[in-house]
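Novice: Below is the file my_file13.txt, which contains compact mmCIF, C-alpha atoms.
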# COMPACT_ATOMS: atom_id res chain seq x y z
CA MET E 1 5.85 -20.86 23.64
CA ASP E 2 7.70 -18.00 25.34
CA ILE E 3 6.61 -15.28 22.91
CA GLN E 4 9.12 -12.70 24.11
CA ALA E 5 12.05 -15.10 23.82
CA TYR E 6 10.86 -16.24 20.39
CA MET E 7 10.51 -12.69 19.05
CA PHE E 8 13.84 -11.59 20.50
CA GLU E 9 15.51 -14.52 18.74
CA LEU E 10 13.95 -13.42 15.45
CA GLY E 11 15.18 -9.90 16.14
CA ARG E 12 18.74 -10.97 16.88
CA ASN E 13 18.84 -13.11 13.74
CA ALA E 14 17.42 -10.25 11.66
CA ARG E 15 20.00 -7.78 12.98
CA ARG E 16 22.84 -10.10 12.01
CA ALA E 17 21.29 -10.72 8.59
CA ALA E 18 20.84 -6.97 8.03
CA ARG E 19 24.59 -6.44 8.32
CA ALA E 20 25.21 -9.12 5.71
CA LEU E 21 22.56 -7.73 3.38
CA ALA E 22 23.93 -4.19 3.63
CA ALA E 23 27.20 -5.54 2.21
CA ALA E 24 25.57 -7.85 -0.36
CA GLY E 25 26.03 -7.08 -4.03
CA THR E 26 23.21 -6.33 -6.43
CA GLY E 27 23.80 -9.61 -8.26
CA ALA E 28 23.22 -11.73 -5.17
CA LYS E 29 20.04 -9.87 -4.24
CA ASN E 30 18.69 -10.14 -7.78
CA LEU E 31 19.51 -13.85 -7.93
CA ALA E 32 17.55 -14.45 -4.73
CA LEU E 33 14.54 -12.61 -6.17
CA LEU E 34 14.62 -14.44 -9.49
CA ARG E 35 14.99 -17.85 -7.86
CA THR E 36 12.09 -17.04 -5.53
CA ALA E 37 9.95 -16.12 -8.54
CA ASP E 38 10.84 -19.46 -10.17
CA ALA E 39 9.93 -21.29 -6.97
CA LEU E 40 6.54 -19.57 -6.72
CA LEU E 41 5.60 -20.75 -10.20
CA ALA E 42 7.05 -24.22 -9.72
CA GLN E 43 5.13 -24.65 -6.48
CA ALA E 44 1.91 -22.94 -7.62
CA GLU E 45 -0.18 -26.02 -6.88
CA ALA E 46 1.19 -26.27 -3.33
CA LEU E 47 0.52 -22.56 -2.84
CA ARG E 48 -3.09 -22.96 -3.95
CA GLU E 49 -3.57 -25.98 -1.69
CA ALA E 50 -2.24 -24.04 1.31
CA ASN E 51 -4.44 -21.11 0.37
CA GLN E 52 -7.52 -23.34 0.11
CA ARG E 53 -6.95 -24.37 3.72
CA ASP E 54 -6.91 -20.71 4.72
CA LEU E 55 -10.05 -19.98 2.69
CA ALA E 56 -11.91 -22.96 4.17
CA GLU E 57 -11.00 -21.89 7.69
CA GLY E 58 -11.99 -18.31 6.84
CA ARG E 59 -15.44 -19.37 5.62
CA ALA E 60 -15.91 -21.44 8.77
CA ARG E 61 -15.10 -18.31 10.81
CA GLY E 62 -17.70 -16.32 8.88
CA LEU E 63 -15.32 -13.97 7.05
CA ASP E 64 -17.13 -11.83 4.49
CA ASP E 65 -16.71 -12.02 0.72
CA ALA E 66 -14.51 -8.92 0.47
CA PHE E 67 -12.13 -10.35 3.07
CA LEU E 68 -12.03 -13.74 1.35
CA ASP E 69 -11.30 -12.03 -1.96
CA ARG E 70 -8.25 -10.33 -0.44
CA LEU E 71 -7.17 -13.68 0.99
CA ALA E 72 -7.50 -15.72 -2.21
CA LEU E 73 -4.39 -16.81 -4.14
CA THR E 74 -5.60 -17.38 -7.70
CA GLU E 75 -3.39 -18.45 -10.58
CA PRO E 76 -3.19 -14.86 -11.94
CA ARG E 77 -2.23 -13.56 -8.49
CA ILE E 78 0.54 -16.15 -8.13
CA GLN E 79 1.83 -15.16 -11.55
CA ALA E 80 1.59 -11.50 -10.52
CA MET E 81 3.66 -12.22 -7.40
CA ALA E 82 6.36 -13.83 -9.51
CA GLN E 83 6.24 -10.98 -12.01
CA GLY E 84 6.52 -8.47 -9.18
CA LEU E 85 9.69 -10.17 -7.95
CA ARG E 86 11.18 -10.04 -11.43
CA GLU E 87 10.21 -6.38 -11.74
CA VAL E 88 11.99 -5.60 -8.48
CA ALA E 89 15.07 -7.52 -9.64
CA ALA E 90 15.12 -5.42 -12.83
CA LEU E 91 14.99 -2.13 -10.96
CA PRO E 92 18.19 -0.17 -10.29
CA ASP E 93 19.67 -0.93 -6.89
CA PRO E 94 19.46 2.26 -4.82
CA VAL E 95 21.90 1.07 -2.15
CA GLY E 96 25.29 2.75 -2.36
CA GLU E 97 24.17 5.48 -4.76
CA ILE E 98 26.04 8.73 -4.04
CA THR E 99 24.44 12.00 -5.04
CA GLY E 100 25.14 15.69 -4.66
CA MET E 101 28.90 15.26 -4.27
CA ALA E 102 30.43 18.74 -4.31
CA TYR E 103 33.58 20.50 -3.17
CA ARG E 104 33.33 22.82 -0.20
CA PRO E 105 35.55 25.92 0.19
CA THR E 106 37.75 23.93 2.60
CA GLY E 107 38.55 21.40 -0.13
CA ILE E 108 36.56 18.47 1.23
CA GLN E 109 33.89 16.81 -0.90
CA VAL E 110 30.46 16.32 0.66
CA GLY E 111 27.63 14.18 -0.71
CA ARG E 112 24.97 11.71 0.31
CA MET E 113 24.93 7.93 0.06
CA ARG E 114 21.72 5.88 -0.02
CA VAL E 115 21.75 3.14 2.61
CA PRO E 116 19.32 0.48 3.95
CA LEU E 117 17.13 1.23 6.95
CA GLY E 118 18.21 -2.03 8.63
CA VAL E 119 15.50 -4.33 9.98
CA ILE E 120 11.90 -3.76 8.94
CA GLY E 121 8.95 -5.33 10.72
CA ILE E 122 5.84 -5.73 8.55
CA ILE E 123 2.46 -6.50 10.12
CA TYR E 124 -0.35 -7.29 7.72
CA GLU E 125 -3.68 -9.03 7.51
CA SER E 126 -5.34 -11.05 4.81
CA ARG E 127 -3.39 -10.60 1.57
CA PRO E 128 -0.73 -13.32 1.35
CA ASN E 129 0.88 -11.68 -1.70
CA VAL E 130 2.19 -9.07 0.75
CA THR E 131 4.62 -11.73 2.00
CA ALA E 132 6.34 -11.90 -1.38
CA ASP E 133 6.06 -8.19 -2.20
CA ALA E 134 7.38 -7.01 1.16
CA ALA E 135 10.20 -9.53 1.24
CA ALA E 136 11.28 -8.57 -2.28
CA LEU E 137 11.39 -4.85 -1.66
CA CYS E 138 13.13 -5.16 1.70
CA LEU E 139 15.69 -7.56 0.25
CA LYS E 140 16.51 -5.43 -2.81
CA ALA E 141 16.87 -2.36 -0.58
CA GLY E 142 19.32 -4.28 1.63
CA ASN E 143 17.00 -4.69 4.63
CA ALA E 144 16.24 -7.75 6.72
CA SER E 145 12.52 -8.25 7.30
CA ILE E 146 10.33 -9.84 9.96
CA LEU E 147 6.91 -10.59 8.47
CA ARG E 148 3.89 -11.10 10.67
CA GLY E 149 0.83 -11.98 8.59
CA GLY E 150 -2.67 -12.49 9.89
CA SER E 151 -3.80 -15.78 11.37
CA GLU E 152 -6.25 -16.15 8.49
CA SER E 153 -3.38 -16.48 5.96
CA LEU E 154 -0.92 -18.54 8.00
CA HIS E 155 -0.82 -21.57 5.68
CA SER E 156 -0.41 -19.41 2.57
CA ASN E 157 2.33 -17.32 4.16
CA ARG E 158 4.27 -20.40 5.22
CA ALA E 159 4.15 -21.76 1.68
CA ILE E 160 5.33 -18.47 0.20
CA ALA E 161 8.08 -18.21 2.83
CA GLN E 162 9.36 -21.62 1.76
CA CYS E 163 9.80 -20.29 -1.78
CA ILE E 164 11.64 -17.23 -0.44
CA GLN E 165 13.99 -19.45 1.55
CA GLU E 166 14.83 -21.35 -1.64
CA GLY E 167 15.70 -18.07 -3.32
CA LEU E 168 17.91 -16.92 -0.44
CA ALA E 169 19.72 -20.26 -0.38
CA ALA E 170 20.39 -20.10 -4.12
CA ALA E 171 22.04 -16.70 -3.66
CA GLU E 172 23.93 -17.78 -0.52
CA LEU E 173 22.26 -15.06 1.52
CA PRO E 174 21.33 -15.59 5.20
CA ARG E 175 18.03 -17.35 5.81
CA ALA E 176 17.23 -14.77 8.50
CA ALA E 177 17.13 -12.06 5.82
CA VAL E 178 13.41 -12.87 5.58
CA GLN E 179 11.63 -14.39 8.58
CA VAL E 180 7.92 -15.14 8.87
CA VAL E 181 6.51 -15.13 12.40
CA GLU E 182 5.20 -18.65 12.91
CA THR E 183 2.85 -17.96 15.82
CA THR E 184 -0.63 -16.44 15.58
CA ASP E 185 -0.45 -15.23 19.19
CA ARG E 186 -1.32 -11.51 19.21
CA ALA E 187 1.38 -10.97 21.84
CA ALA E 188 3.94 -11.42 19.07
CA VAL E 189 2.79 -8.14 17.51
CA GLY E 190 3.17 -6.37 20.84
CA GLU E 191 6.75 -7.57 21.14
CA LEU E 192 7.64 -6.75 17.53
CA ILE E 193 6.56 -3.12 17.75
CA ARG E 194 8.61 -2.55 20.92
CA MET E 195 11.91 -4.22 19.96
CA ARG E 196 13.84 -1.02 19.43
CA GLU E 197 17.20 -2.72 19.76
CA TYR E 198 16.44 -5.03 16.83
CA VAL E 199 13.83 -3.35 14.58
CA ASP E 200 14.27 0.01 12.86
CA VAL E 201 10.90 0.58 11.18
CA ILE E 202 7.40 -0.92 11.43
CA VAL E 203 5.08 -1.06 8.42
CA PRO E 204 1.48 -2.06 9.24
CA ARG E 205 -0.85 -3.11 6.41
CA GLY E 206 -4.44 -3.91 7.22
CA GLY E 207 -7.63 -2.56 8.70
CA LYS E 208 -8.01 0.75 10.47
CA GLY E 209 -8.16 -0.94 13.88
CA LEU E 210 -4.84 -2.73 13.38
CA ILE E 211 -3.04 0.36 12.14
CA ALA E 212 -4.49 2.56 14.89
CA ARG E 213 -3.26 0.06 17.49
CA ILE E 214 0.22 -0.11 15.99
CA THR E 215 0.46 3.67 15.75
CA GLU E 216 -0.58 4.10 19.37
CA GLU E 217 1.56 1.36 20.91
CA ALA E 218 4.70 1.22 18.78
CA ARG E 219 7.99 2.44 20.20
CA ILE E 220 9.55 2.28 16.74
CA PRO E 221 8.94 4.64 13.76
CA VAL E 222 5.88 3.60 11.74
CA ILE E 223 5.17 4.03 8.00
CA LYS E 224 1.40 3.83 7.65
CA HIS E 225 -1.96 4.84 6.30
CA LEU E 226 -5.15 4.47 8.30
CA ASP E 227 -7.68 4.09 5.50
CA GLY E 228 -8.33 4.81 1.85
CA ILE E 229 -11.32 7.12 1.43
CA CYS E 230 -10.68 7.89 -2.23
CA HIS E 231 -12.67 10.34 -4.33
CA VAL E 232 -13.35 10.95 -8.00
CA TYR E 233 -14.64 14.42 -8.86
CA ILE E 234 -16.40 14.79 -12.23
CA ASP E 235 -16.07 18.41 -13.29
CA ASP E 236 -18.68 20.13 -15.44
CA ARG E 237 -15.97 20.44 -18.11
CA ALA E 238 -15.34 16.70 -18.22
CA ALA E 239 -15.70 14.60 -21.36
CA MET E 240 -18.78 12.47 -20.74
CA GLU E 241 -17.48 9.14 -22.06
CA LYS E 242 -14.14 9.58 -20.30
CA ALA E 243 -15.79 10.48 -17.00
CA VAL E 244 -18.11 7.46 -17.09
CA ARG E 245 -15.23 5.10 -17.85
CA VAL E 246 -13.01 6.44 -15.06
CA ALA E 247 -15.75 6.62 -12.40
CA PHE E 248 -17.02 3.12 -13.16
CA ASN E 249 -13.57 1.55 -13.13
CA ALA E 250 -12.49 3.35 -9.96
CA LYS E 251 -15.31 1.65 -8.05
CA THR E 252 -15.90 -1.71 -9.71
CA GLN E 253 -12.49 -2.93 -10.92
CA ARG E 254 -11.95 -4.36 -7.43
CA TYR E 255 -13.85 -3.58 -4.26
CA GLY E 256 -11.62 -4.61 -1.39
CA THR E 257 -8.59 -2.38 -1.99
CA CYS E 258 -7.47 0.87 -0.39
CA ASN E 259 -7.32 2.69 -3.74
CA THR E 260 -10.93 1.94 -4.69
CA MET E 261 -13.17 5.00 -4.98
CA GLU E 262 -15.54 5.31 -2.02
CA THR E 263 -17.13 8.69 -2.83
CA LEU E 264 -18.12 10.12 -6.20
CA LEU E 265 -18.45 13.90 -6.44
CA VAL E 266 -20.31 15.34 -9.42
CA ALA E 267 -20.54 18.96 -10.50
CA ARG E 268 -24.12 20.22 -10.43
CA ALA E 269 -24.12 21.32 -14.07
CA ILE E 270 -23.24 17.86 -15.40
CA ALA E 271 -25.19 15.79 -12.85
CA PRO E 272 -28.48 15.58 -14.85
CA SER E 273 -26.72 13.99 -17.81
CA ILE E 274 -24.12 11.75 -16.18
CA LEU E 275 -25.72 10.46 -12.98
CA PRO E 276 -28.54 8.48 -14.66
CA VAL E 277 -25.97 6.77 -16.91
CA LEU E 278 -23.60 5.91 -14.09
CA GLY E 279 -26.46 5.00 -11.75
CA GLU E 280 -27.72 2.35 -14.15
CA MET E 281 -24.21 0.96 -14.68
CA TYR E 282 -23.61 0.71 -10.95
CA ARG E 283 -26.98 -0.93 -10.39
CA GLU E 284 -26.25 -3.56 -13.05
CA ALA E 285 -22.89 -4.20 -11.35
CA GLY E 286 -24.60 -4.70 -7.98
CA VAL E 287 -23.23 -1.52 -6.37
CA GLU E 288 -25.39 -0.01 -3.63
CA LEU E 289 -25.58 3.79 -3.95
CA ARG E 290 -25.96 6.20 -1.05
CA GLY E 291 -26.60 9.74 -2.15
CA CYS E 292 -27.28 13.29 -1.09
CA PRO E 293 -30.79 14.70 -1.76
CA GLU E 294 -29.80 16.03 -5.20
CA THR E 295 -28.30 12.68 -6.14
CA ARG E 296 -31.46 10.86 -5.10
CA ALA E 297 -33.53 13.17 -7.28
CA PHE E 298 -31.68 11.69 -10.28
CA LEU E 299 -31.27 8.21 -8.79
CA PRO E 300 -34.44 7.30 -6.84
CA HIS E 301 -33.10 3.83 -6.05
CA ALA E 302 -30.18 5.31 -4.07
CA ARG E 303 -30.37 5.25 -0.28
CA GLU E 304 -30.02 8.44 1.69
CA ALA E 305 -26.39 9.08 2.59
CA THR E 306 -25.61 9.79 6.23
CA GLU E 307 -22.85 12.00 7.59
CA GLU E 308 -20.94 8.82 8.46
CA ASP E 309 -21.04 7.60 4.86
CA TRP E 310 -18.82 10.44 3.66
CA SER E 311 -15.99 9.28 5.94
CA THR E 312 -16.40 5.51 5.51
CA GLU E 313 -14.05 3.17 3.67
CA TYR E 314 -16.51 0.50 2.54
CA LEU E 315 -14.16 -2.00 0.86
CA ALA E 316 -17.38 -3.36 -0.61
CA PRO E 317 -19.82 -2.67 -3.50
CA ILE E 318 -21.18 0.46 -1.83
CA LEU E 319 -20.63 4.00 -3.12
CA SER E 320 -21.43 7.42 -1.69
CA VAL E 321 -22.46 10.03 -4.27
CA ARG E 322 -22.70 13.78 -3.75
CA VAL E 323 -23.57 16.61 -6.10
CA VAL E 324 -21.36 19.67 -5.53
CA ASP E 325 -21.47 23.19 -6.89
CA GLY E 326 -18.05 22.93 -8.51
CA LEU E 327 -14.33 22.55 -7.99
CA ASP E 328 -14.09 24.56 -4.77
CA GLU E 329 -16.81 22.57 -3.02
CA ALA E 330 -15.27 19.30 -4.26
CA ILE E 331 -11.88 20.21 -2.81
CA ASP E 332 -13.52 21.29 0.46
CA HIS E 333 -15.34 17.94 0.69
CA ILE E 334 -12.13 15.98 0.06
CA GLU E 335 -10.26 18.00 2.67
CA ARG E 336 -12.98 17.43 5.26
CA TYR E 337 -13.75 13.75 4.70
CA GLY E 338 -10.79 12.31 2.81
CA SER E 339 -7.90 10.26 4.18
CA HIS E 340 -5.13 11.85 2.05
CA HIS E 341 -4.73 8.62 0.08
CA THR E 342 -5.78 9.01 -3.57
CA ASP E 343 -8.13 11.48 -5.25
CA ALA E 344 -8.88 12.16 -8.91
CA ILE E 345 -10.51 14.80 -11.10
CA VAL E 346 -12.03 14.23 -14.52
CA THR E 347 -11.93 17.44 -16.55
CA GLU E 348 -10.82 18.89 -19.86
CA ASP E 349 -10.00 22.23 -18.23
CA PHE E 350 -6.23 22.48 -17.77
CA THR E 351 -6.43 25.27 -15.21
CA ARG E 352 -8.86 23.33 -13.01
CA ALA E 353 -6.73 20.22 -13.31
CA ARG E 354 -3.67 22.15 -12.14
CA ARG E 355 -5.63 23.61 -9.22
CA PHE E 356 -6.77 20.14 -8.19
CA LEU E 357 -3.19 18.82 -8.34
CA ALA E 358 -1.90 21.72 -6.27
CA GLU E 359 -4.67 22.02 -3.67
CA VAL E 360 -5.68 18.43 -2.91
CA ASP E 361 -3.34 17.25 -0.15
CA SER E 362 -3.20 13.51 -0.84
CA SER E 363 -0.35 11.08 -1.41
CA SER E 364 -1.56 10.52 -5.00
CA VAL E 365 -3.56 13.07 -7.01
CA MET E 366 -4.76 12.18 -10.50
CA VAL E 367 -6.23 13.81 -13.59
CA ASN E 368 -8.47 11.80 -15.92
CA ALA E 369 -7.36 8.45 -14.47
CA SER E 370 -8.87 5.82 -12.19
CA THR E 371 -7.80 5.82 -8.55
CA ARG E 372 -7.07 2.11 -8.98
CA PHE E 373 -3.73 3.10 -10.56
CA SER E 374 -2.45 4.16 -7.12
CA ASP E 375 -0.24 1.13 -6.74
CA GLY E 376 3.48 0.46 -6.64
CA PHE E 377 3.38 -1.95 -9.58
CA GLU E 378 1.48 0.53 -11.75
CA TYR E 379 3.87 3.32 -10.74
CA GLY E 380 6.86 1.31 -11.92
CA LEU E 381 8.12 0.41 -8.46
CA GLY E 382 7.88 -3.33 -9.18
CA ALA E 383 5.84 -3.83 -6.03
CA GLU E 384 5.02 -1.86 -2.93
CA ILE E 385 5.33 -2.44 0.77
CA GLY E 386 2.33 -0.22 1.42
CA ILE E 387 0.92 3.22 0.70
CA SER E 388 1.97 5.89 3.14
CA THR E 389 -0.26 8.88 3.87
CA ASP E 390 2.37 10.29 6.21
CA LYS E 391 4.30 13.35 5.09
CA LEU E 392 7.73 12.47 6.48
CA HIS E 393 10.24 10.05 4.98
CA ALA E 394 7.92 8.26 2.54
CA ARG E 395 4.59 9.21 0.95
CA GLY E 396 2.40 7.29 -1.47
CA PRO E 397 3.35 3.78 -2.64
CA VAL E 398 6.51 2.80 -0.75
CA GLY E 399 9.07 1.14 -2.99
CA LEU E 400 12.82 0.77 -2.84
CA GLU E 401 13.72 4.39 -2.11
CA GLY E 402 11.14 4.52 0.67
CA LEU E 403 12.94 1.61 2.34
CA THR E 404 16.28 3.37 2.33
CA SER E 405 17.72 6.46 3.93
CA GLN E 406 20.69 8.69 3.20
CA LYS E 407 23.83 9.45 5.12
CA PHE E 408 26.39 12.14 4.49
CA VAL E 409 29.74 11.04 3.11
CA VAL E 410 32.85 13.21 3.16
CA LEU E 411 36.00 12.72 1.07
CA GLY E 412 39.22 14.45 1.98
CA ASP E 413 42.97 14.14 1.59
CA GLY E 414 44.28 14.80 5.04
CA HIS E 415 42.08 17.85 5.49
CA ILE E 416 41.80 19.32 8.98
CA ARG E 417 39.46 22.00 10.22
CA GLN E 418 41.07 25.35 11.02
Here is a file; write its structure as structure tokens.

Specialist:
Amino acid sequence: MDIQAYMFELGRNARRAARALAAAGTGAKNLALLRTADALLAQAEALREANQRDLAEGRARGLDDAFLDRLALTEPRIQAMAQGLREVAALPDPVGEITGMAYRPTGIQVGRMRVPLGVIGIIYESRPNVTADAAALCLKAGNASILRGGSESLHSNRAIAQCIQEGLAAAELPRAAVQVVETTDRAAVGELIRMREYVDVIVPRGGKGLIARITEEARIPVIKHLDGICHVYIDDRAAMEKAVRVAFNAKTQRYGTCNTMETLLVARAIAPSILPVLGEMYREAGVELRGCPETRAFLPHAREATEEDWSTEYLAPILSVRVVDGLDEAIDHIERYGSHHTDAIVTEDFTRARRFLAEVDSSSVMVNASTRFSDGFEYGLGAEIGISTDKLHARGPVGLEGLTSQKFVVLGDGHIRQ
């Protein structure tokens, strides 16, 4: 296969489809999403069969359990994909919304209209549900998408793409509105991130190595986050039961996600009472603890934490634990080692909670809630195309508004500038 020719053809088709989507009505876009959701449920068995092929090949390649968990398409995850599509269909369509319209002294009216970005290239690794989520959000926001999943999920992605094509056909929208790259050749990624004439934005989702490569080599704007080193800080004015519940859930609800807690910070005054309780719960759950010297005094079974541990995204049942003097030291630790993804404080002190919200520079900052809530679905976005730790254009879970831009619109009645 001539990879460059193949990718350029996808790009040309996507550009044409983007023009049609920009003019498409909300009803057509919603119909495509709802019919895709129906197809996912109707073809659930075929999806699972395709996914089992991916899982079997992944095991043969020696992929670890955390990776295989991200790759798996279970019945609840298929239902969640369909529900996510319906949630996106139910959301208000941002395209065409005009805001801030006001008269200027000259008599003209000036405002801003929300418009699609155009063509979005999405590069992702193991999670096949990204195919449905990304396609849905791009479609509702009026964008054409080129989806390049990992080789490990090729069969699953093809099966999901077939459902999407059924939805597009039902709504009489162009098939090229959503295109899945059919080759696993890595050269396809290199072409995609350089096709400035066809692609407007790149969104990478995957490991740190993939995102670092895309960031370094892309000639197109990138919406990204490198890793999710998320923290929970238990303040000495935290409610004990609440703190235990939040800290346990933030780590153990699911291990292989970017919003899973990787470091637990505990105020020195509360450490003697809460660490033994949490330590036993983590041990029963099979979580390996790596702690500072003070932590290990309370939890002798914990391994000694290294400097590298504080800046590691494990994506596994491993947790770093550090005892800190208080709020200031916790914020300093997060600033030094964090990835500006998601960080939480557990406290009953309103002033400290407000300080944490104001001073922790992350895309999501939480009070008395598990970091696992940092997710587009949980935030009411229907689904997310990724979580951005950038500060420009989009930050945090990227939903419909993050996939649009604004242009100025001017209304006059024969006005001329003097």

Novice: Quote the spacing between CA of Asn143 (chain E) and CA of Leu400 (chain E) in Å to one decimal place.

Specialist: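 Interatomic distance, CA of Asn143 (chain E) to CA of Leu400 (chain E): 10.2 Å.
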
Novice: E:Ile120, E:Leu327, E:Ile334, E:Leu154: which is nearest Arg355 (chain E), counting all atoms listed in the file?

Specialist: E:Leu327

Novice: Contacts of Gly206 (chain E) at 7 Å or less, counting all atoms listed in the file, minus same-chain residues fewer than 3 places along, as a list in words?

Specialist: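 Near neighbours after the sequence-gap exclusion: Tyr124, Glu125, Leu210 and Ile211 of chain E.
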
Novice: Could you check how far CA of Arg70 (chain E) sits from CA of Thr371 (chain E), in Å to one decimal?

Specialist: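 The value is 18.1 Å.
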
Novice: Which value, in Å to one decimal, gives the distance between CA of Glu304 (chain E) and CA of Val323 (chain E)?

Specialist: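 Going from CA of Glu304 (chain E) over to CA of Val323 (chain E) covers 13.0 Å.
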
Novice: Could you name the residues that touch Arg395 (chain E) at 10 Å or less, counting all atoms listed in the file, but leaving out those on the same chain fewer than 5 positions away, as a list in words?

Specialist: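 Close residues of Arg395 (chain E): Ile223, Lys224, His225, His341, Ser362, Ser363, Ser364, Gly386, Ile387, Ser388, Thr389, Asp390 and Gly402 of chain E.
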
Novice: Taking all atoms listed in the file into account, name the residue in E:Leu41, E:Ser145, E:His393, E:Cys230 that is nearest to Val199 (chain E).

Specialist: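 Using all atoms listed in the file, Val199 (chain E) sits closest to E:Ser145.
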
Novice: Could you give me, as a PyMOL selection string, the residues that sit within 9 Å of (-11.7, -10.3, -3.4) in the file's coordinates, counting only C-alpha atoms?

Specialist: chain E and resi 65-72+254-257

Novice: Please provide as a PyMOL selection string all residues within 10 Å of region 240-252 of chain E, with the sequence filter that same-chain residues fewer than 2 positions apart are discarded (counting only C-alpha atoms).

Specialist: chain E and resi 230-238+254-257+259-265+270+273-275+277-279+281-282+285-287+315-319+344-348+368-373

Novice: Just checking: using all atoms listed in the file, which residue out of E:Ala297, E:Val130, E:Ala144, E:Ala330 ends up closest to Ile78 (chain E)?

Specialist: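 Closest candidate: E:Val130.
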
Novice: Show me, as JSON, the centre and edge lengths in Å to one decimal of the axis-aligned box that covers every listed atom of region 100-110 of chain E with 6 Å on each side.

Specialist:
{"center_x": 31.8, "center_y": 20.6, "center_z": -1.0, "size_x": 25.4, "size_y": 22.7, "size_z": 19.3}

Novice: Any chance you could build region 170-185 of chain E out to N, CA and C atoms and write it as a tab-separated table (two decimals), in the frame of the given file?

Specialist:
chain	number	residue	atom	x	y	z
E	170	ALA	N	19.75	-20.09	-2.80
E	170	ALA	CA	20.39	-20.10	-4.12
E	170	ALA	C	21.40	-18.97	-4.26
E	171	ALA	N	21.15	-17.86	-3.58
E	171	ALA	CA	22.04	-16.70	-3.66
E	171	ALA	C	23.05	-16.66	-2.51
E	172	GLU	N	23.03	-17.69	-1.67
E	172	GLU	CA	23.93	-17.78	-0.52
E	172	GLU	C	23.80	-16.56	0.39
E	173	LEU	N	22.57	-16.14	0.59
E	173	LEU	CA	22.26	-15.06	1.52
E	173	LEU	C	21.67	-15.67	2.79
E	174	PRO	N	21.80	-15.00	3.94
E	174	PRO	CA	21.33	-15.59	5.20
E	174	PRO	C	19.83	-15.84	5.21
E	175	ARG	N	19.45	-17.00	5.74
E	175	ARG	CA	18.03	-17.35	5.81
E	175	ARG	C	17.26	-16.33	6.64
E	176	ALA	N	17.90	-15.74	7.62
E	176	ALA	CA	17.23	-14.77	8.50
E	176	ALA	C	17.00	-13.43	7.82
E	177	ALA	N	17.40	-13.30	6.55
E	177	ALA	CA	17.13	-12.06	5.82
E	177	ALA	C	15.63	-11.84	5.69
E	178	VAL	N	14.87	-12.93	5.62
E	178	VAL	CA	13.41	-12.87	5.58
E	178	VAL	C	12.87	-13.91	6.54
E	179	GLN	N	12.19	-13.47	7.59
E	179	GLN	CA	11.63	-14.39	8.58
E	179	GLN	C	10.13	-14.14	8.72
E	180	VAL	N	9.37	-15.21	8.66
E	180	VAL	CA	7.92	-15.14	8.87
E	180	VAL	C	7.62	-15.60	10.29
E	181	VAL	N	6.90	-14.78	11.02
E	181	VAL	CA	6.51	-15.13	12.40
E	181	VAL	C	5.57	-16.33	12.34
E	182	GLU	N	5.94	-17.40	13.02
E	182	GLU	CA	5.20	-18.65	12.91
E	182	GLU	C	4.05	-18.79	13.90
E	183	THR	N	3.93	-17.87	14.84
E	183	THR	CA	2.85	-17.96	15.82
E	183	THR	C	1.75	-16.96	15.48
E	184	THR	N	0.50	-17.35	15.78
E	184	THR	CA	-0.63	-16.44	15.58
E	184	THR	C	-0.98	-15.70	16.87
E	185	ASP	N	-0.21	-15.90	17.92
E	185	ASP	CA	-0.45	-15.23	19.19
E	185	ASP	C	-0.31	-13.72	18.99
